[in-house]
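> The structure that follows is given in the form of structure tokens.
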Amino acid sequence: MRPSHIALAVLVTALWGVNFVVVELGLDHFPPLLFSALRFLVAALPAVFFVGPPKVARKWIVGVGLALGVAKFGLLFVGMDQGMGAGLSSLVLQVQAVFTALFAAVALGERPGRVRLAGMGVALAGIAVAAVDEGASGPVLAFALVVAAAAFWGVSNVLTRKAAPPDSLNFMVWVSTVPVLPLLGLSLLFEGWDRDTDALAAMDWTGAGVLVYVAWISTVFGFGAWGFLLRHHPASTVAPFTLLVPVFGMSSAALLLDESVSPLRWCAAALLVGGVAVTSLGGRWREPVLAAAPEARGARA
């Protein structure tokens, strides 16, 4: 990779890491489900009028929109609202690599080799250590919600691979149109009309700035730049940079939110990041079963 592309990859992962701190600030202004709905509304509008029509089948846009937008981000925002810290959330979400590998084995017929199976085991050990640490110092339910969010991220990754969008920015903008109404409906159901309208009426410049960051900077710019990198370099070259996200997430949470990082949490971070690195990069995938091979090869292209 040329130096400018390396700098862009690091910048995007830094923006995604700091995004967890911004989400924490946003939850002081909005109920979590309403916040998530507004995030996708701002990401979709007005961009949807400029990116052109969808370039994949609408079923993939709807599927990823529900899995990523409604389930993954809905659970993440609720988990963080219930007490899961920004730094730990940025770390725990990385277990999505394990869920992606497991779901790909079922849906795409891919079979991880022994090295990647070992990496998955190490990453899960990191989650167990983080759970022990969180159980001693924070709400376990919030931790479980973020783990569930990582699982739905894995689902959306597999659906995205099946869709194989040729333009990631176009795809992400159209995906952002899907979660808005379901999340608004869930917000009215669980958070209530009064709480939602009070939050909107009390929106200030900080709240607006948070929405701009999570929608345009983290989502539109972040995924657009990431798609640019993937169009110019192999995924195996670009993907390892995502391991910097929890580094930026935990460090920015410690600096800006004064979140403490216990020795047990550092141990969990080492296990989880190391395990995800091995899962993502180590060894080779065995060939899918014959019936699934053509479809799976197309998803990897």
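Convention: chains lettered A, B, ... in structure tokens order; per-chain residue numbering from 1; ligands numbered from 1 as shown.
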Could you build a table of the residues in region 108-203 of chain A lying no more than 9 Å from region 38-61 of chain A, giving for each the nearest pair of atoms and their separation in Å rounded to one decimal place, using only C-alpha atoms, ordered by chain and ascending residue number, as CSV?


```
residue,atom,partner,partner_atom,distance
A:Leu159,CA,A:Trp60,CA,6.7
A:Thr160,CA,A:Trp60,CA,7.2
A:Lys162,CA,A:Trp60,CA,8.0
A:Ala163,CA,A:Trp60,CA,5.8
A:Ala164,CA,A:Val56,CA,7.8
A:Pro165,CA,A:Val56,CA,6.0
A:Pro166,CA,A:Lys55,CA,7.1
A:Asp167,CA,A:Lys55,CA,7.4
A:Leu169,CA,A:Val51,CA,7.7
A:Asn170,CA,A:Val51,CA,5.5
A:Phe171,CA,A:Pro54,CA,6.7
A:Met172,CA,A:Ile61,CA,8.5
A:Val173,CA,A:Ala44,CA,5.3
A:Trp174,CA,A:Val48,CA,6.5
A:Val175,CA,A:Ile61,CA,5.2
A:Ser176,CA,A:Phe40,CA,5.0
A:Thr177,CA,A:Ala44,CA,5.6
A:Val178,CA,A:Ile61,CA,7.6
A:Pro179,CA,A:Phe40,CA,6.9
A:Val180,CA,A:Leu41,CA,5.9
A:Leu183,CA,A:Leu38,CA,8.9
A:Leu184,CA,A:Leu38,CA,8.5
```

> Any chance you could export the current selection's C-alpha atoms as a tab-separated table (two decimals), in the first residue's frame?


```tsv
chain	number	residue	atom	x	y	z
A	159	LEU	CA	-25.23	-11.15	3.78
A	160	THR	CA	-22.92	-8.46	2.42
A	162	LYS	CA	-23.53	-12.80	-0.65
A	163	ALA	CA	-24.61	-9.45	-2.11
A	164	ALA	CA	-21.06	-8.59	-3.28
A	165	PRO	CA	-21.86	-4.88	-3.83
A	166	PRO	CA	-19.64	-3.28	-6.50
A	167	ASP	CA	-19.93	0.15	-4.83
A	169	LEU	CA	-20.77	3.75	-0.62
A	170	ASN	CA	-23.87	3.28	-2.75
A	171	PHE	CA	-24.66	0.09	-0.85
A	172	MET	CA	-24.19	1.65	2.59
A	173	VAL	CA	-26.33	4.69	1.79
A	174	TRP	CA	-29.19	2.51	0.55
A	175	VAL	CA	-28.79	0.16	3.52
A	176	SER	CA	-29.14	3.24	5.76
A	177	THR	CA	-32.64	3.85	4.41
A	178	VAL	CA	-33.93	0.53	5.76
A	179	PRO	CA	-33.54	0.81	9.57
A	180	VAL	CA	-35.10	4.26	10.00
A	183	LEU	CA	-36.09	1.81	14.73
A	184	LEU	CA	-38.52	4.72	15.05
```

> Which region 170-248 of chain A residues have any atom within 12 Å of an atom of region 22-35 of chain A, and for each, what is the nearest pair of atoms with distance in Å to one decimal, counting only C-alpha atoms, rows sorted by chain and number, as JSON lines?


```
{"residue": "A:Pro179", "atom": "CA", "partner": "A:Leu33", "partner_atom": "CA", "distance": 10.4}
{"residue": "A:Val180", "atom": "CA", "partner": "A:Leu34", "partner_atom": "CA", "distance": 9.0}
{"residue": "A:Leu181", "atom": "CA", "partner": "A:Leu34", "partner_atom": "CA", "distance": 10.2}
{"residue": "A:Pro182", "atom": "CA", "partner": "A:Leu33", "partner_atom": "CA", "distance": 9.6}
{"residue": "A:Leu183", "atom": "CA", "partner": "A:Leu33", "partner_atom": "CA", "distance": 5.9}
{"residue": "A:Leu184", "atom": "CA", "partner": "A:Leu34", "partner_atom": "CA", "distance": 6.0}
{"residue": "A:Gly185", "atom": "CA", "partner": "A:Leu34", "partner_atom": "CA", "distance": 9.1}
{"residue": "A:Leu186", "atom": "CA", "partner": "A:Leu33", "partner_atom": "CA", "distance": 6.9}
{"residue": "A:Ser187", "atom": "CA", "partner": "A:Leu33", "partner_atom": "CA", "distance": 5.1}
{"residue": "A:Leu188", "atom": "CA", "partner": "A:Leu34", "partner_atom": "CA", "distance": 8.3}
{"residue": "A:Leu189", "atom": "CA", "partner": "A:Leu33", "partner_atom": "CA", "distance": 10.1}
{"residue": "A:Phe190", "atom": "CA", "partner": "A:Leu33", "partner_atom": "CA", "distance": 8.7}
{"residue": "A:Glu191", "atom": "CA", "partner": "A:Pro31", "partner_atom": "CA", "distance": 7.0}
{"residue": "A:Gly192", "atom": "CA", "partner": "A:Pro31", "partner_atom": "CA", "distance": 9.6}
{"residue": "A:Trp193", "atom": "CA", "partner": "A:Leu34", "partner_atom": "CA", "distance": 10.4}
{"residue": "A:Asp194", "atom": "CA", "partner": "A:Pro31", "partner_atom": "CA", "distance": 11.0}
{"residue": "A:Arg195", "atom": "CA", "partner": "A:Pro31", "partner_atom": "CA", "distance": 7.5}
{"residue": "A:Asp196", "atom": "CA", "partner": "A:Leu34", "partner_atom": "CA", "distance": 6.8}
{"residue": "A:Thr197", "atom": "CA", "partner": "A:Phe30", "partner_atom": "CA", "distance": 9.8}
{"residue": "A:Asp198", "atom": "CA", "partner": "A:Phe30", "partner_atom": "CA", "distance": 9.0}
{"residue": "A:Ala199", "atom": "CA", "partner": "A:Phe30", "partner_atom": "CA", "distance": 5.5}
{"residue": "A:Leu200", "atom": "CA", "partner": "A:Phe30", "partner_atom": "CA", "distance": 7.7}
{"residue": "A:Ala201", "atom": "CA", "partner": "A:His29", "partner_atom": "CA", "distance": 10.5}
{"residue": "A:Ala202", "atom": "CA", "partner": "A:His29", "partner_atom": "CA", "distance": 8.0}
{"residue": "A:Met203", "atom": "CA", "partner": "A:His29", "partner_atom": "CA", "distance": 7.1}
{"residue": "A:Asp204", "atom": "CA", "partner": "A:His29", "partner_atom": "CA", "distance": 8.7}
{"residue": "A:Trp205", "atom": "CA", "partner": "A:His29", "partner_atom": "CA", "distance": 10.7}
{"residue": "A:Thr206", "atom": "CA", "partner": "A:Gly26", "partner_atom": "CA", "distance": 8.3}
{"residue": "A:Gly207", "atom": "CA", "partner": "A:His29", "partner_atom": "CA", "distance": 6.1}
{"residue": "A:Ala208", "atom": "CA", "partner": "A:Gly26", "partner_atom": "CA", "distance": 9.1}
{"residue": "A:Gly209", "atom": "CA", "partner": "A:Gly26", "partner_atom": "CA", "distance": 9.1}
{"residue": "A:Val210", "atom": "CA", "partner": "A:Gly26", "partner_atom": "CA", "distance": 5.9}
{"residue": "A:Leu211", "atom": "CA", "partner": "A:Gly26", "partner_atom": "CA", "distance": 7.6}
{"residue": "A:Val212", "atom": "CA", "partner": "A:Val22", "partner_atom": "CA", "distance": 10.3}
{"residue": "A:Tyr213", "atom": "CA", "partner": "A:Val22", "partner_atom": "CA", "distance": 7.6}
{"residue": "A:Val214", "atom": "CA", "partner": "A:Val22", "partner_atom": "CA", "distance": 7.3}
{"residue": "A:Ala215", "atom": "CA", "partner": "A:Phe35", "partner_atom": "CA", "distance": 10.6}
{"residue": "A:Ile217", "atom": "CA", "partner": "A:Val22", "partner_atom": "CA", "distance": 11.2}
{"residue": "A:Ser218", "atom": "CA", "partner": "A:Val22", "partner_atom": "CA", "distance": 10.0}
```

> I'd like to know which of A:Met120, A:Val245, A:His232, A:Val278 is closest to Met1 (chain A), using only C-alpha atoms.

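Residue with the minimum atom-to-atom distance to Met1 (chain A): A:His232.
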
> So, with only C-alpha atoms as the atoms that count, which of A:Ala125, A:Val140, A:Met250, A:Ala71 lies closest to Phe152 (chain A)?

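For Phe152 (chain A), the nearest of the given residues is A:Ala71.
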
> Could you jot down the CA of Ala253 (chain A) to CA of Leu88 (chain A) separation for me, Å, one decimal place?

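Rounded to one decimal, the two atoms are 8.9 Å apart.
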
> Quick one: distance from CA of Ala130 (chain A) to CA of Ala268 (chain A) in Å, one decimal?

5.3 Å

> Choose the residue, out of A:Phe228, A:Gly17, A:Leu257, A:Pro240, that has the smallest atom-to-atom separation from Ser90 (chain A); count only C-alpha atoms.

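Of all the options, A:Gly17 lies closest to Ser90 (chain A).
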
> Going by DSSP on the backbone, which bits of region 11-196 of chain A are helix (DSSP H, G or I)? Write them as number ranges by chain, please.

A: 11-26, 32-44, 47-49, 58-81, 86-107, 114-137, 140-163, 168-177, 180-190, 193-196

> Residues within 12 Å of Ala270 (chain A), please, as a PyMOL selection string. Count only C-alpha atoms; anything in the same chain fewer than 2 positions from it doesn't count.

chain A and resi 91-92+94+122-127+129-130+243+246-247+263-268+272-277

> Excluding same-chain residues fewer than 6 positions from Val155 (chain A), what lies within 7 Å of it counting only C-alpha atoms, as a list of chain:residue names?

A:Ala67, A:Thr100, A:Phe103

> Nearest to Asp258 (chain A) among A:Gly65, A:Lys72, A:Ala7, A:Gly85, with distances taken over only C-alpha atoms: which residue is it?

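With only C-alpha atoms as the atom set, the closest residue is A:Gly85.
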
> Find the residue from A:Thr219, A:Gly227, A:Pro139, A:Gly87 that sits nearest to Val261 (chain A); use only C-alpha atoms when measuring.

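That would be A:Gly87, the residue with the smallest distance to Val261 (chain A).
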